[in-house]
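One structure below.
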Amino acid sequence: MQLYTRSAGTGLPVVLLHAFPLSSAMWLAQREGLAGSCRVITPDLRGFGGSRLGDDEPSVDLMADDVARLLDAEGIDRAVVGGLSMGGYVTMAFCRRHPERLLGVILADTKAGPDPQPARDNRERIARAVLSDGSDVLLAEVLPALIGPTTKERRAMVFGRVKGLVQSAPPGAVAWAQRAMAGRPDSFDTLAALEVPLLVVVGEEDELATPADAEAMARAASDGRLEIIPKAGHLSAVEQPEAFNAAVAEFLSTGLAEEARSPG
């Protein structure tokens, strides 16, 4: 599986994994805003954007292995790996399966606990609805929770852009990803075992992965820090990109150990 990837900048490799049901297009402001200080690598996870879905059974572990192969293809030994929402689940799977490839970890608007059964059932319902009826269920049920009230009130263009990305998500990839996320394990032990610095970012208006969820993840790691982004909902990197980028840049310049700042 070769992931389609958009990259910008040079230096320290920073891999950012996108939210459900979007694509690497959501990281435009990060590729532009962070490229001066690092190499920003933003793949489309399998089935989304320019990446094929393949025939494998749904699994966040498989998605994490795709990212490891991407690093191999790019000639990168170790990288800062991060993700938002679904991308965070894949990042935690990467931490479990490829800890030796990490320089640091960024988890944004995500959570370490597994889905309770009602949430798993709801994911399956949405997967079936998308396969049978297309993206209507995503626009009705998923899209409204992705964006915080401040963005909805003040930044109509941002909401419109996110809506367009949701509408363009392939039904097969949507269903596959829902089932992969439903099957993910608890990751608190994974965070506790991290031997690299962790940055946890969350929008203060995020109701899907709340500031309390973020605080619990930051506490679980031995070297975890928390950054709450004002006036942002679940897609903090899209809603308040300047604040998000500032938090990441600060983490890259001061949060990583000295030896981690030299890639390779």
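FYI, nothing fancy with the structure tokens labels: chains A, B, ... in order, residues from 1 per chain, ligands from 1 as they appear.
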
Under the rule of at most 12 Å, produce a per-residue listing of range 172-204 of chain A near range 229-234 of chain A: chain, number, name, the closest pair of atoms, and the distance in Å, as JSON lines, using only C-alpha atoms.
```
{"residue": "A:Val200", "atom": "CA", "partner": "A:Ile229", "partner_atom": "CA", "distance": 10.6}
{"residue": "A:Val201", "atom": "CA", "partner": "A:Ile229", "partner_atom": "CA", "distance": 7.1}
{"residue": "A:Val202", "atom": "CA", "partner": "A:Ile229", "partner_atom": "CA", "distance": 5.9}
{"residue": "A:Gly203", "atom": "CA", "partner": "A:Ala232", "partner_atom": "CA", "distance": 4.5}
{"residue": "A:Glu204", "atom": "CA", "partner": "A:Pro230", "partner_atom": "CA", "distance": 5.4}
```

Could you write out that same residue set with all heavy atoms as a PDB file, in the first residue's frame?
```
ATOM      1  N   VAL A 200      -0.225  17.088  23.479  1.00  0.00           N
ATOM      2  CA  VAL A 200      -1.651  16.870  23.294  1.00  0.00           C
ATOM      3  C   VAL A 200      -2.307  18.222  23.048  1.00  0.00           C
ATOM      4  O   VAL A 200      -2.141  19.155  23.841  1.00  0.00           O
ATOM      5  CB  VAL A 200      -2.283  16.182  24.519  1.00  0.00           C
ATOM      6  CG1 VAL A 200      -3.767  15.933  24.281  1.00  0.00           C
ATOM      7  CG2 VAL A 200      -1.572  14.861  24.826  1.00  0.00           C
ATOM      8  N   VAL A 201      -3.020  18.331  21.935  1.00  0.00           N
ATOM      9  CA  VAL A 201      -3.689  19.570  21.548  1.00  0.00           C
ATOM     10  C   VAL A 201      -5.187  19.299  21.481  1.00  0.00           C
ATOM     11  O   VAL A 201      -5.614  18.246  20.991  1.00  0.00           O
ATOM     12  CB  VAL A 201      -3.188  20.071  20.171  1.00  0.00           C
ATOM     13  CG1 VAL A 201      -3.852  21.385  19.803  1.00  0.00           C
ATOM     14  CG2 VAL A 201      -1.678  20.209  20.161  1.00  0.00           C
ATOM     15  N   VAL A 202      -5.992  20.256  21.943  1.00  0.00           N
ATOM     16  CA  VAL A 202      -7.444  20.081  21.873  1.00  0.00           C
ATOM     17  C   VAL A 202      -8.117  21.446  21.741  1.00  0.00           C
ATOM     18  O   VAL A 202      -7.663  22.435  22.322  1.00  0.00           O
ATOM     19  CB  VAL A 202      -7.973  19.324  23.116  1.00  0.00           C
ATOM     20  CG1 VAL A 202      -7.782  20.148  24.392  1.00  0.00           C
ATOM     21  CG2 VAL A 202      -9.433  18.925  22.943  1.00  0.00           C
ATOM     22  N   GLY A 203      -9.169  21.499  20.958  1.00  0.00           N
ATOM     23  CA  GLY A 203      -9.984  22.692  20.888  1.00  0.00           C
ATOM     24  C   GLY A 203     -10.841  22.821  22.134  1.00  0.00           C
ATOM     25  O   GLY A 203     -11.422  21.840  22.596  1.00  0.00           O
ATOM     26  N   GLU A 204     -10.924  24.025  22.675  1.00  0.00           N
ATOM     27  CA  GLU A 204     -11.683  24.190  23.917  1.00  0.00           C
ATOM     28  C   GLU A 204     -13.171  23.895  23.725  1.00  0.00           C
ATOM     29  O   GLU A 204     -13.883  23.595  24.688  1.00  0.00           O
ATOM     30  CB  GLU A 204     -11.500  25.604  24.478  1.00  0.00           C
ATOM     31  CG  GLU A 204     -12.164  26.704  23.678  1.00  0.00           C
ATOM     32  CD  GLU A 204     -12.133  28.060  24.389  1.00  0.00           C
ATOM     33  OE1 GLU A 204     -11.806  28.090  25.595  1.00  0.00           O
ATOM     34  OE2 GLU A 204     -12.439  29.072  23.738  1.00  0.00           O
TER      35      GLU A 204
END
```

Open item on the list: Residues of range 18-259 of chain A classed as alpha helix (DSSP H) by DSSP on the backbone are to be reported as a VMD selection string.
Closed with: chain A and resid 28 to 34 60 to 74 86 to 97 117 to 133 136 to 137 143 to 146 149 to 154 156 to 167 171 to 182 188 to 192 211 to 220 236 to 239 241 to 250

Quick one: residues within 12 Å of range 69-78 of chain A, only C-alpha atoms counted, chain neighbours fewer than 5 positions away excluded, as a CSV table (one decimal) with N, CA, C and O atoms, in the first residue's frame?
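In the end it all went to result.csv:
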```csv
chain,number,residue,atom,x,y,z
A,1,MET,N,0.8,-1.2,0.0
A,1,MET,CA,0.0,0.0,0.0
A,1,MET,C,0.9,1.2,0.0
A,1,MET,O,1.7,1.5,0.9
A,2,GLN,N,0.8,2.0,-1.1
A,2,GLN,CA,1.6,3.3,-1.1
A,2,GLN,C,0.6,4.4,-0.9
A,2,GLN,O,-0.3,4.6,-1.7
A,3,LEU,N,0.9,5.2,0.1
A,3,LEU,CA,0.0,6.3,0.4
A,3,LEU,C,0.3,7.5,-0.4
A,3,LEU,O,1.5,7.9,-0.5
A,4,TYR,N,-0.7,8.2,-0.9
A,4,TYR,CA,-0.5,9.5,-1.6
A,4,TYR,C,-0.2,10.5,-0.5
A,4,TYR,O,-0.8,10.6,0.5
A,5,THR,N,0.8,11.3,-0.8
A,5,THR,CA,1.4,12.2,0.3
A,5,THR,C,1.6,13.6,-0.3
A,5,THR,O,2.1,13.8,-1.4
A,6,ARG,N,1.3,14.6,0.5
A,6,ARG,CA,1.7,16.0,0.3
A,6,ARG,C,2.7,16.4,1.3
A,6,ARG,O,2.5,16.2,2.5
A,7,SER,N,3.8,17.0,0.8
A,7,SER,CA,4.9,17.4,1.7
A,7,SER,C,5.3,18.8,1.5
A,7,SER,O,5.1,19.3,0.4
A,11,GLY,N,14.1,19.5,6.8
A,11,GLY,CA,14.6,19.3,8.1
A,11,GLY,C,13.9,18.2,8.9
A,11,GLY,O,13.6,17.2,8.3
A,12,LEU,N,13.6,18.5,10.2
A,12,LEU,CA,13.0,17.5,11.1
A,12,LEU,C,11.7,17.0,10.4
A,12,LEU,O,10.8,17.8,10.1
A,13,PRO,N,11.6,15.7,10.2
A,13,PRO,CA,10.4,15.2,9.6
A,13,PRO,C,9.2,15.1,10.6
A,13,PRO,O,9.3,14.5,11.7
A,14,VAL,N,8.1,15.7,10.2
A,14,VAL,CA,6.9,15.7,11.1
A,14,VAL,C,5.7,15.2,10.2
A,14,VAL,O,5.3,15.8,9.2
A,15,VAL,N,5.2,14.0,10.6
A,15,VAL,CA,4.1,13.3,9.9
A,15,VAL,C,2.8,13.7,10.6
A,15,VAL,O,2.7,13.5,11.8
A,39,ARG,N,10.1,19.5,8.1
A,39,ARG,CA,9.6,18.9,6.9
A,39,ARG,C,8.2,18.3,7.2
A,39,ARG,O,8.1,17.3,7.9
A,41,ILE,N,5.0,16.2,6.4
A,41,ILE,CA,4.6,15.1,5.6
A,41,ILE,C,3.1,14.7,5.9
A,41,ILE,O,2.9,14.3,7.1
A,42,THR,N,2.2,14.9,5.0
A,42,THR,CA,0.8,14.7,5.2
A,42,THR,C,0.2,13.7,4.2
A,42,THR,O,-0.2,14.0,3.2
A,43,PRO,N,0.2,12.4,4.6
A,43,PRO,CA,-0.4,11.4,3.7
A,43,PRO,C,-1.9,11.3,3.8
A,43,PRO,O,-2.5,11.7,4.8
A,44,ASP,N,-2.5,10.8,2.7
A,44,ASP,CA,-3.9,10.4,2.7
A,44,ASP,C,-3.9,9.0,3.2
A,44,ASP,O,-3.3,8.1,2.7
A,45,LEU,N,-4.6,8.8,4.3
A,45,LEU,CA,-4.8,7.4,4.9
A,45,LEU,C,-5.5,6.6,3.9
A,45,LEU,O,-6.3,7.1,3.0
A,46,ARG,N,-5.4,5.3,4.0
A,46,ARG,CA,-5.9,4.4,2.9
A,46,ARG,C,-7.4,4.6,2.6
A,46,ARG,O,-8.2,4.7,3.5
A,51,SER,N,-5.2,7.9,-2.0
A,51,SER,CA,-4.7,6.6,-1.6
A,51,SER,C,-5.7,5.5,-1.9
A,51,SER,O,-6.9,5.7,-1.6
A,62,LEU,N,-3.2,-1.7,10.8
A,62,LEU,CA,-2.8,-1.7,9.4
A,62,LEU,C,-2.5,-0.3,8.8
A,62,LEU,O,-1.5,0.0,8.1
A,63,MET,N,-3.3,0.7,9.3
A,63,MET,CA,-3.1,2.1,8.9
A,63,MET,C,-1.7,2.6,9.4
A,63,MET,O,-1.0,3.3,8.7
A,64,ALA,N,-1.4,2.2,10.6
A,64,ALA,CA,-0.1,2.5,11.2
A,64,ALA,C,1.0,1.9,10.4
A,64,ALA,O,2.1,2.6,10.2
A,94,PHE,N,0.6,3.5,15.8
A,94,PHE,CA,2.0,3.6,15.4
A,94,PHE,C,3.0,3.5,16.6
A,94,PHE,O,4.0,2.9,16.6
A,95,CYS,N,2.6,4.2,17.7
A,95,CYS,CA,3.4,4.2,18.9
A,95,CYS,C,3.5,2.8,19.5
A,95,CYS,O,4.5,2.4,20.0
A,98,HIS,N,5.5,0.7,16.3
A,98,HIS,CA,6.8,1.2,15.8
A,98,HIS,C,7.4,2.2,16.7
A,98,HIS,O,7.8,3.3,16.2
A,99,PRO,N,7.6,1.9,18.0
A,99,PRO,CA,8.1,2.9,18.9
A,99,PRO,C,9.5,3.4,18.6
A,99,PRO,O,9.9,4.5,18.9
A,100,GLU,N,10.3,2.5,17.9
A,100,GLU,CA,11.6,2.9,17.6
A,100,GLU,C,11.7,3.9,16.5
A,100,GLU,O,12.8,4.5,16.3
A,101,ARG,N,10.6,4.2,15.8
A,101,ARG,CA,10.6,5.1,14.7
A,101,ARG,C,10.3,6.6,15.2
A,101,ARG,O,10.2,7.5,14.4
A,102,LEU,N,10.0,6.7,16.5
A,102,LEU,CA,9.5,8.0,17.0
A,102,LEU,C,10.6,8.9,17.5
A,102,LEU,O,11.5,8.5,18.2
A,103,LEU,N,10.4,10.2,17.2
A,103,LEU,CA,11.2,11.3,17.8
A,103,LEU,C,10.3,12.1,18.8
A,103,LEU,O,10.8,12.7,19.8
A,104,GLY,N,9.0,12.1,18.5
A,104,GLY,CA,8.0,12.8,19.4
A,104,GLY,C,6.7,12.4,18.8
A,104,GLY,O,6.5,11.8,17.8
A,105,VAL,N,5.6,12.7,19.6
A,105,VAL,CA,4.2,12.4,19.3
A,105,VAL,C,3.3,13.6,19.5
A,105,VAL,O,3.5,14.3,20.5
A,196,VAL,N,9.4,9.1,24.3
A,196,VAL,CA,9.6,10.4,23.6
A,196,VAL,C,8.6,11.4,24.1
A,196,VAL,O,7.5,11.0,24.7
A,259,GLU,N,18.9,15.5,21.3
A,259,GLU,CA,19.4,14.5,20.3
A,259,GLU,C,18.3,14.2,19.3
A,259,GLU,O,18.5,13.8,18.2
A,260,ALA,N,17.0,14.6,19.6
A,260,ALA,CA,15.9,14.3,18.7
A,260,ALA,C,15.8,15.4,17.7
A,260,ALA,O,15.1,15.2,16.7
A,261,ARG,N,16.5,16.5,17.8
A,261,ARG,CA,16.3,17.6,16.9
A,261,ARG,C,17.0,17.4,15.6
A,261,ARG,O,16.8,18.1,14.6
A,262,SER,N,18.0,16.5,15.6
A,262,SER,CA,18.7,16.2,14.3
A,262,SER,C,18.1,15.0,13.7
A,262,SER,O,18.3,13.9,14.2
A,263,PRO,N,17.4,15.2,12.6
A,263,PRO,CA,16.7,14.0,11.9
A,263,PRO,C,17.8,13.1,11.4
A,263,PRO,O,18.9,13.4,11.0
A,264,GLY,N,17.4,11.8,11.3
A,264,GLY,CA,18.2,10.8,10.7
A,264,GLY,C,18.7,9.8,11.8
A,264,GLY,O,18.3,8.8,12.0
```

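With CA of Asp61 in chain A on one side and CA of Phe188 in chain A on the other, the separation reads 15.7 Å.
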
Open item on the list: as a ChimeraX atom specification, please: every residue in range 14-184 of chain A that DSSP puts in strand (DSSP E).
Closed with: /A:14-17,39-43,79-84,102-108

Task: Surrounding residues of Gly88 in chain A excluding itself and chain neighbours under 5 positions, 10 Å, only C-alpha atoms, as a PyMOL selection string - done: chain A and resi 16-19+81-83+93-94+105-112+200

Open item on the list: Could you check the closest approach to Gly33 in chain A for each of A:Pro241, A:Pro116, A:Pro58, A:Gly255 and tell me which residue wins, using only C-alpha atoms?
Closed with: A:Pro241

- [ ] Choose the residue, out of A:Arg123, A:Arg96, A:Arg184, A:Arg52, that has the smallest atom-to-atom separation from Pro170 in chain A; count only C-alpha atoms.
- [x] A:Arg52

Open item on the list: Considering only C-alpha atoms, can you say which of A:Gly36, A:Pro114, A:Gly9, A:Gly49 comes closest to Ala180 in chain A?
Closed with: A:Pro114

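Among the candidates A:Ser253, A:Ser187, A:Thr91, A:Ser135, the residue lying nearest to Gly113 in chain A is A:Ser187 (atoms considered: only C-alpha atoms).
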